file work.txt (compact mmCIF, C-alpha atoms)
# COMPACT_ATOMS: atom_id res chain seq x y z
CA MET A 1 31.32 135.03 39.73
CA LYS A 2 31.34 137.72 42.40
CA LYS A 3 27.56 137.50 42.72
CA SER A 4 27.78 133.70 43.13
CA ILE A 5 30.33 134.08 45.90
CA ILE A 6 28.11 136.62 47.63
CA LYS A 7 25.11 134.30 47.34
CA ILE A 8 27.06 131.33 48.73
CA GLY A 9 28.35 133.50 51.58
CA PHE A 10 24.83 134.70 52.35
CA VAL A 11 23.48 131.13 52.42
CA LEU A 12 26.30 130.03 54.73
CA PHE A 13 25.67 133.01 57.00
CA VAL A 14 21.94 132.30 57.21
CA GLY A 15 22.63 128.63 57.91
CA LEU A 16 25.16 129.42 60.61
CA PHE A 17 22.88 132.06 62.12
CA SER A 18 19.96 129.63 62.19
CA PHE A 19 21.99 126.99 63.97
CA SER A 20 23.49 129.59 66.26
CA CYS A 21 20.02 130.71 67.30
CA LYS A 22 19.34 127.14 68.35
CA TYR A 23 22.71 126.03 69.72
CA ASP A 24 24.55 129.41 70.14
CA PHE A 25 27.98 127.79 69.38
CA SER A 26 29.56 130.35 71.75
CA LEU A 27 28.74 133.19 69.36
CA ILE A 28 26.77 134.66 72.25
CA PRO A 29 28.73 134.72 75.56
CA ARG A 30 27.35 132.37 78.19
CA GLU A 31 26.36 133.79 81.53
CA TYR A 32 27.80 131.09 83.79
CA ASP A 33 31.40 129.87 83.67
CA ILE A 34 32.87 126.81 85.35
CA GLU A 35 33.98 128.66 88.49
CA SER A 36 30.55 130.19 89.14
CA ARG A 37 28.74 126.92 88.41
CA SER A 38 30.92 124.80 90.68
CA PRO A 39 32.08 126.77 93.73
CA ASP A 40 31.99 123.67 95.94
CA PHE A 41 30.89 120.04 96.22
CA THR A 42 27.54 119.33 97.91
CA ASP A 43 27.18 116.36 100.22
CA LEU A 44 23.72 115.00 99.35
CA SER A 45 23.71 112.95 102.56
CA LEU A 46 23.41 116.04 104.77
CA PRO A 47 20.07 116.08 106.66
CA GLU A 48 19.14 119.50 105.30
CA ILE A 49 19.60 118.23 101.71
CA ASP A 50 18.59 114.56 102.05
CA LYS A 51 18.89 113.61 98.37
CA ALA A 52 21.30 110.69 98.61
CA PRO A 53 19.98 107.24 97.64
CA LYS A 54 19.11 105.01 100.58
CA GLY A 55 17.25 101.88 101.57
CA TYR A 56 18.54 99.56 98.85
CA GLY A 57 20.37 96.98 100.92
CA ASP A 58 23.63 95.35 99.89
CA LYS A 59 22.73 94.46 96.31
CA PHE A 60 21.22 96.79 93.75
CA SER A 61 21.55 97.95 90.15
CA VAL A 62 21.98 101.39 88.61
CA LEU A 63 20.75 102.51 85.20
CA LEU A 64 23.44 104.44 83.27
CA ILE A 65 22.38 106.86 80.52
CA ALA A 66 24.24 109.49 78.52
CA ASP A 67 23.38 112.10 75.91
CA THR A 68 19.60 111.97 75.74
CA HIS A 69 19.58 115.34 73.89
CA PHE A 70 15.90 116.05 74.47
CA GLY A 71 14.81 118.67 71.96
CA ARG A 72 16.47 116.80 69.11
CA ASN A 73 13.75 115.14 67.09
CA GLY A 74 14.09 114.02 63.52
CA TYR A 75 16.25 116.25 61.32
CA PHE A 76 18.12 113.73 59.17
CA LEU A 77 17.22 110.90 61.56
CA PRO A 78 13.89 109.17 62.27
CA PRO A 79 11.78 110.86 64.97
CA ARG A 80 12.83 109.75 68.43
CA ASP A 81 10.81 107.15 70.30
CA GLU A 82 11.56 106.11 73.90
CA LYS A 83 8.87 103.43 74.13
CA PRO A 84 11.23 100.57 73.15
CA PHE A 85 13.59 101.72 75.92
CA TYR A 86 10.90 101.50 78.60
CA ALA A 87 9.92 98.06 77.33
CA LYS A 88 13.57 96.99 77.41
CA ILE A 89 14.23 98.02 81.01
CA ALA A 90 10.94 96.49 82.12
CA GLN A 91 11.96 93.21 80.48
CA LEU A 92 15.46 93.34 81.99
CA PHE A 93 14.39 93.96 85.59
CA ASP A 94 10.94 92.36 85.77
CA SER A 95 12.03 88.75 85.65
CA ALA A 96 12.19 86.33 88.55
CA SER A 97 14.85 84.29 86.76
CA GLY A 98 16.75 87.14 85.05
CA GLU A 99 20.29 88.29 85.81
CA TYR A 100 19.02 91.24 87.85
CA LYS A 101 16.56 89.33 90.05
CA ASP A 102 18.85 89.86 93.08
CA PHE A 103 19.76 93.41 92.04
CA PRO A 104 16.64 95.61 92.06
CA PRO A 105 16.94 98.95 90.21
CA ALA A 106 17.85 101.61 92.76
CA PHE A 107 18.43 104.82 90.80
CA THR A 108 19.57 106.27 87.46
CA VAL A 109 22.74 108.20 86.65
CA HIS A 110 22.97 110.50 83.62
CA MET A 111 26.31 111.57 82.12
CA GLY A 112 25.08 114.89 80.72
CA ASP A 113 23.55 116.50 77.64
CA ASN A 114 20.10 115.96 79.10
CA SER A 115 18.98 118.59 76.59
CA ASP A 116 19.98 119.43 73.05
CA THR A 117 19.71 123.23 73.09
CA GLY A 118 19.66 124.23 76.76
CA ASN A 119 16.14 125.62 76.42
CA LEU A 120 13.54 125.06 79.11
CA LYS A 121 11.28 122.96 76.91
CA ASP A 122 14.11 120.43 76.46
CA PHE A 123 14.39 119.99 80.21
CA GLU A 124 10.62 119.63 80.49
CA GLN A 125 10.87 116.69 78.08
CA PHE A 126 13.71 115.28 80.18
CA ASN A 127 11.52 115.53 83.29
CA LYS A 128 8.81 113.53 81.51
CA PHE A 129 11.48 110.93 80.65
CA GLU A 130 12.45 110.86 84.33
CA GLN A 131 8.81 110.30 85.30
CA ASP A 132 8.33 107.56 82.70
CA ILE A 133 11.38 105.66 83.96
CA TYR A 134 10.04 105.97 87.50
CA ASP A 135 6.60 104.71 86.45
CA THR A 136 8.28 101.73 84.75
CA LEU A 137 10.61 100.77 87.60
CA LYS A 138 8.62 101.61 90.74
CA THR A 139 6.42 98.55 90.17
CA ILE A 140 9.59 96.43 90.28
CA ASN A 141 11.17 98.26 93.22
CA PRO A 142 8.90 100.63 95.19
CA ASN A 143 12.05 102.21 96.64
CA TYR A 144 13.44 103.23 93.24
CA ASN A 145 14.64 106.84 93.45
CA LYS A 146 12.61 108.97 91.04
CA GLY A 147 15.22 111.71 90.64
CA ILE A 148 17.94 111.07 88.06
CA TYR A 149 21.44 112.00 89.22
CA SER A 150 22.90 114.13 86.40
CA VAL A 151 25.97 116.16 85.55
CA VAL A 152 25.81 119.10 83.18
CA GLY A 153 26.86 118.58 79.55
CA ASN A 154 28.04 121.08 76.96
CA HIS A 155 24.66 121.05 75.17
CA ASP A 156 22.91 121.79 78.47
CA LEU A 157 24.86 125.07 78.62
CA TYR A 158 23.80 126.32 75.19
CA ASN A 159 21.58 129.42 75.24
CA ASN A 160 22.63 130.08 78.85
CA GLY A 161 20.89 126.84 79.82
CA TRP A 162 22.59 126.49 83.22
CA ALA A 163 19.75 128.24 85.09
CA ALA A 164 17.16 125.92 83.53
CA TRP A 165 19.38 122.85 84.10
CA LYS A 166 19.91 123.73 87.75
CA CYS A 167 16.20 124.25 88.29
CA MET A 168 15.01 121.18 86.40
CA THR A 169 17.42 118.46 87.56
CA TYR A 170 17.03 116.42 90.72
CA ALA A 171 20.20 117.33 92.61
CA GLY A 172 20.15 120.96 91.52
CA THR A 173 23.94 121.06 91.30
CA SER A 174 26.56 119.54 89.00
CA THR A 175 29.24 118.97 91.66
CA TYR A 176 28.16 116.68 94.48
CA TYR A 177 28.78 113.35 96.17
CA PHE A 178 27.24 110.70 98.39
CA THR A 179 28.17 107.36 99.95
CA ILE A 180 26.15 104.14 99.95
CA ASN A 181 26.86 101.97 102.98
CA GLY A 182 26.67 98.16 102.83
CA SER A 183 27.10 95.41 105.41
CA GLY A 184 30.62 94.61 104.18
CA SER A 185 31.83 97.70 102.34
CA ASP A 186 30.89 101.23 101.32
CA LEU A 187 30.94 102.92 97.90
CA SER A 188 31.35 106.66 97.32
CA TRP A 189 29.99 108.45 94.25
CA TYR A 190 31.42 111.74 92.95
CA PHE A 191 29.87 113.91 90.24
CA LEU A 192 32.11 116.38 88.39
CA ASP A 193 31.17 119.40 86.25
CA SER A 194 33.08 119.15 82.96
CA GLY A 195 30.35 120.75 80.84
CA SER A 196 32.73 123.43 79.54
CA GLY A 197 35.39 120.89 78.57
CA ILE A 198 37.50 121.78 81.61
CA LEU A 199 37.20 121.37 85.39
CA GLY A 200 38.93 124.54 86.54
CA ALA A 201 41.51 124.82 89.32
CA ASN A 202 38.97 125.28 92.12
CA GLN A 203 36.94 122.17 91.32
CA LEU A 204 40.04 120.07 90.68
CA GLU A 205 41.63 121.02 94.01
CA LYS A 206 38.45 120.48 96.02
CA PHE A 207 37.80 117.10 94.43
CA LYS A 208 41.38 116.04 95.16
CA ALA A 209 40.97 117.02 98.83
CA LEU A 210 37.68 115.13 99.13
CA ALA A 211 39.09 112.03 97.42
CA GLU A 212 42.17 111.99 99.67
CA SER A 213 40.03 112.19 102.81
CA ASP A 214 37.68 109.40 101.67
CA GLN A 215 38.99 105.86 102.17
CA ASN A 216 36.09 104.19 100.32
CA GLN A 217 36.19 102.75 96.82
CA LYS A 218 34.85 105.33 94.38
CA VAL A 219 32.75 105.75 91.25
CA ILE A 220 33.27 109.03 89.35
CA ILE A 221 30.72 110.58 86.97
CA SER A 222 31.45 113.36 84.45
CA HIS A 223 30.44 114.42 80.94
CA TYR A 224 33.65 114.68 78.92
CA PRO A 225 35.82 111.57 78.55
CA ILE A 226 39.03 111.96 80.50
CA ASN A 227 41.64 109.52 79.27
CA ALA A 228 39.74 106.86 77.37
CA GLU A 229 41.45 104.98 74.58
CA SER A 230 40.75 106.29 71.05
CA VAL A 231 38.90 109.33 72.45
CA THR A 232 41.05 112.43 72.01
CA TYR A 233 39.19 115.26 70.26
CA TYR A 234 36.13 114.66 72.43
CA ALA A 235 38.04 114.46 75.73
CA LEU A 236 38.81 117.16 78.31
CA SER A 237 40.75 119.93 76.61
CA ASN A 238 43.47 120.63 79.20
CA PRO A 239 46.25 117.98 79.26
CA LEU A 240 47.46 119.17 82.68
CA GLU A 241 43.98 118.70 84.14
CA ILE A 242 43.79 115.23 82.61
CA ALA A 243 47.12 114.30 84.20
CA LYS A 244 46.15 115.65 87.63
CA LEU A 245 42.72 114.05 87.54
CA SER A 246 44.10 110.68 86.42
CA GLN A 247 46.63 110.81 89.24
CA THR A 248 43.90 111.58 91.77
CA PHE A 249 41.88 108.62 90.49
CA ALA A 250 44.84 106.27 90.62
CA GLN A 251 45.94 107.23 94.12
CA ASN A 252 42.54 107.31 95.83
CA LYS A 253 40.78 103.99 95.29
CA THR A 254 38.80 104.89 92.19
CA LYS A 255 37.12 101.76 90.87
CA LEU A 256 35.19 103.08 87.85
CA THR A 257 34.68 106.32 85.97
CA PHE A 258 31.67 106.87 83.71
CA GLU A 259 31.45 109.57 81.05
CA GLY A 260 29.42 110.50 77.98
CA HIS A 261 29.77 113.12 75.20
CA TYR A 262 31.45 110.75 72.71
CA HIS A 263 28.39 108.93 71.40
CA PRO A 264 30.16 105.84 69.95
CA GLY A 265 31.43 105.11 73.47
CA GLY A 266 34.78 103.82 74.59
CA SER A 267 36.65 102.03 77.33
CA SER A 268 40.08 101.95 78.95
CA THR A 269 41.67 99.91 81.70
CA HIS A 270 44.22 102.07 83.49
CA CYS A 271 47.15 100.19 85.03
CA ASP A 272 50.33 101.01 86.92
CA THR A 273 53.82 100.37 85.56
CA ASP A 274 53.68 96.78 86.84
CA GLY A 275 50.44 96.05 84.99
CA ASN A 276 48.20 96.13 88.06
CA VAL A 277 44.71 97.53 87.33
CA LEU A 278 44.14 100.93 88.93
CA TYR A 279 40.66 101.76 87.62
CA GLN A 280 38.34 101.26 84.67
CA GLU A 281 37.07 104.12 82.48
CA GLU A 282 33.83 103.67 80.54
CA VAL A 283 32.31 106.10 78.04
CA ILE A 284 28.59 105.33 77.82
CA ARG A 285 27.23 105.16 74.28
CA GLY A 286 24.76 107.86 73.25
CA PHE A 287 21.15 107.24 74.24
CA VAL A 288 19.42 108.92 71.32
CA ASP A 289 22.04 108.53 68.55
CA LYS A 290 23.11 104.97 69.38
CA LYS A 291 19.95 103.85 71.20
CA ALA A 292 22.15 102.59 73.99
CA PHE A 293 22.32 102.53 77.77
CA ALA A 294 24.01 100.41 80.43
CA VAL A 295 23.30 98.69 83.74
CA MET A 296 25.71 98.49 86.63
CA THR A 297 25.27 96.02 89.50
CA VAL A 298 26.70 96.69 92.96
CA ASP A 299 27.27 94.12 95.71
CA LEU A 300 28.40 95.54 99.07
CA THR A 301 28.38 92.31 101.08
CA GLY A 302 32.13 91.73 100.74
CA SER A 303 35.08 93.65 102.14
CA GLU A 304 35.33 95.48 98.80
CA PRO A 305 32.47 96.48 96.47
CA GLU A 306 31.84 94.04 93.65
CA ILE A 307 30.75 95.88 90.53
CA HIS A 308 29.70 94.60 87.12
CA PHE A 309 28.76 96.62 84.06
CA LYS A 310 26.89 95.70 80.89
CA SER A 311 25.78 97.70 77.83
CA TYR A 312 22.45 97.33 76.00
CA GLU A 313 20.62 98.63 72.97
CA TYR A 314 16.89 99.25 72.64
call {"tool": "encode", "arguments": {"input": "work.txt", "output": "structure tokens"}}
result
Amino acid sequence: MKKSIIKIGFVLFVGLFSFSCKYDFSLIPREYDIESRSPDFTDLSLPEIDKAPKGYGDKFSVLLIADTHFGRNGYFLPPRDEKPFYAKIAQLFDSASGEYKDFPPAFTVHMGDNSDTGNLKDFEQFNKFEQDIYDTLKTINPNYNKGIYSVVGNHDLYNNGWAAWKCMTYAGTSTYYFTINGSGSDLSWYFLDSGSGILGANQLEKFKALAESDQNQKVIISHYPINAESVTYYALSNPLEIAKLSQTFAQNKTKLTFEGHYHPGGSSTHCDTDGNVLYQEEVIRGFVDKKAFAVMTVDLTGSEPEIHFKSYEY
């Protein structure tokens, strides 16, 4: 009996060690914490940075993707295959009579977990994915922005993956913002670093200050769900942060928030005590596990941005 217990314990240890070597599961301390990753927000519109999207006019669409987990291939699932996805987005956008004929694809936003293990080879596969999307969409809109706007996810931080993530993603930072100006209205985009399951006091305070000084309608991107219905275990871990962040959203013209991490997805409409809609929260379904993505259309001709959102499978 004792020998059987020892054998079972040894097998469990080997299994855990094997997975830990791949994912680390915090058994090995990570080099970069939330405060060192996110000391400040970068304005991508600054001339010396010049990475904000531009030249798309008043009407455009945005591809929304979450949890690509490059590096995950097979295991108990069929080997991954992105070809149907490229065919799907080509079919959606390359149609003179389709619903996106007046909304050319402008850029792509990724809600984190670009990689599965945080290793460099995962990000190299993500960069190929980025190139393949560009090759698909540039024939439809020559001004499509090749770089994918990403935030860091918890899987991206495994194996001290922050250095590779920072080097291999387009913006090179996980806390940044930009504004797209239209003829009738403007729309600001904010990207938050929640890859550790928290925001930290510094990031939370600086985001609040930026949001309060910005009178535009806003779209907020992060990895962990914040306050979505039926998403609790997979949401941000600090209830006080959730309350403060939700208050900042509600008081500062937030229109939509997009998150990932919870692969089945989710949605919540946040209202005030009188039932008036404050903002909409959407958790994008997992790209590799659920074979899902979404498209958002933006119309800036009116006095307020008009935004529509639709999910797809490939």
call {"tool": "closest_residue", "arguments": {"input": "work.txt", "among": "A:Glu282, A:Asp94, A:Asp289, A:Asp67", "to": "Thr139 (chain A)", "atoms": "only C-alpha atoms"}}
result
A:Asp94
call {"tool": "residues_around", "arguments": {"input": "work.txt", "residues": "region 97-104 of chain A", "least_positions_apart": "3", "cutoff": "10 Å", "atoms": "only C-alpha atoms", "output": "list in words"}}
result
Tyr56, Gly57, Asp58, Lys59, Phe60, Ser61, Val62, Gln91, Leu92, Phe93, Asp94, Phe107, Leu137, Ile140, Asn141, Pro142, Asn143, Tyr144, Val295, Met296, Thr297, Val298 and Asp299 of chain A
call {"tool": "residues_around", "arguments": {"input": "work.txt", "residues": "Lys88 (chain A)", "least_positions_apart": "5", "cutoff": "12 Å", "atoms": "only C-alpha atoms", "output": "ChimeraX atom specification"}}
result
/A:63,82-83,93-95,133,136-137,291-295,312-314
call {"tool": "atom_distance", "arguments": {"input": "work.txt", "atom1": "CA of Cys167 (chain A)", "atom2": "CA of Phe258 (chain A)"}}
result
23.7 Å
call {"tool": "residues_around", "arguments": {"input": "work.txt", "residues": "Val151 (chain A)", "least_positions_apart": "5", "cutoff": "7 Å", "atoms": "all atoms listed in the file", "output": "mmCIF file with C-alpha atoms, keeping the file's coordinate frame"}}
result
data_model
loop_
_atom_site.group_PDB
_atom_site.id
_atom_site.type_symbol
_atom_site.label_atom_id
_atom_site.label_comp_id
_atom_site.auth_asym_id
_atom_site.auth_seq_id
_atom_site.Cartn_x
_atom_site.Cartn_y
_atom_site.Cartn_z
ATOM 1 C CA HIS A 110 22.970 110.500 83.620
ATOM 2 C CA MET A 111 26.310 111.570 82.120
ATOM 3 C CA GLY A 112 25.080 114.890 80.720
ATOM 4 C CA SER A 174 26.560 119.540 89.000
ATOM 5 C CA PHE A 191 29.870 113.910 90.240
ATOM 6 C CA LEU A 192 32.110 116.380 88.390
ATOM 7 C CA ASP A 193 31.170 119.400 86.250
ATOM 8 C CA SER A 222 31.450 113.360 84.450
ATOM 9 C CA HIS A 223 30.440 114.420 80.940
#
call {"tool": "residues_around", "arguments": {"input": "work.txt", "residues": "His155 (chain A)", "least_positions_apart": "4", "cutoff": "6 Å", "atoms": "only C-alpha atoms", "output": "list of chain:residue names"}}
result
A:Asp113, A:Asp116, A:Thr117
call {"tool": "atom_distance", "arguments": {"input": "work.txt", "atom1": "CA of Lys218 (chain A)", "atom2": "CA of Tyr190 (chain A)"}}
result
7.4 Å
call {"tool": "closest_residue", "arguments": {"input": "work.txt", "among": "A:Ser194, A:Thr108, A:Ser45, A:Asn119", "to": "Gln131 (chain A)", "atoms": "all atoms listed in the file"}}
result
A:Thr108
call {"tool": "closest_residue", "arguments": {"input": "work.txt", "among": "A:Phe249, A:Tyr234, A:Tyr279, A:Tyr176", "to": "Asn154 (chain A)", "atoms": "all atoms listed in the file"}}
result
A:Tyr234
call {"tool": "closest_residue", "arguments": {"input": "work.txt", "among": "A:Lys206, A:Val288, A:Glu259, A:Asp43", "to": "Asn73 (chain A)", "atoms": "only C-alpha atoms"}}
result
A:Val288
call {"tool": "atom_distance", "arguments": {"input": "work.txt", "atom1": "CA of Leu300 (chain A)", "atom2": "CA of Gly182 (chain A)"}}
result
4.9 Å
call {"tool": "closest_residue", "arguments": {"input": "work.txt", "among": "A:Leu204, A:Val219, A:Leu236, A:Val152", "to": "Ile307 (chain A)", "atoms": "all atoms listed in the file"}}
result
A:Val219
call {"tool": "closest_residue", "arguments": {"input": "work.txt", "among": "A:Trp162, A:Tyr86, A:Phe41, A:Tyr224", "to": "Ala66 (chain A)", "atoms": "all atoms listed in the file"}}
result
A:Tyr224
call {"tool": "closest_atom_pairs", "arguments": {"input": "work.txt", "of": "region 163-207 of chain A", "to": "region 121-125 of chain A", "cutoff": "9 Å", "atoms": "all atoms listed in the file", "output": "JSON lines"}}
result
{"residue": "A:Ala164", "atom": "CA", "partner": "A:Phe123", "partner_atom": "CA", "distance": 7.3}
{"residue": "A:Trp165", "atom": "CA", "partner": "A:Phe123", "partner_atom": "CA", "distance": 6.9}
{"residue": "A:Met168", "atom": "CA", "partner": "A:Phe123", "partner_atom": "CA", "distance": 6.3}
{"residue": "A:Thr169", "atom": "CA", "partner": "A:Phe123", "partner_atom": "CA", "distance": 8.1}
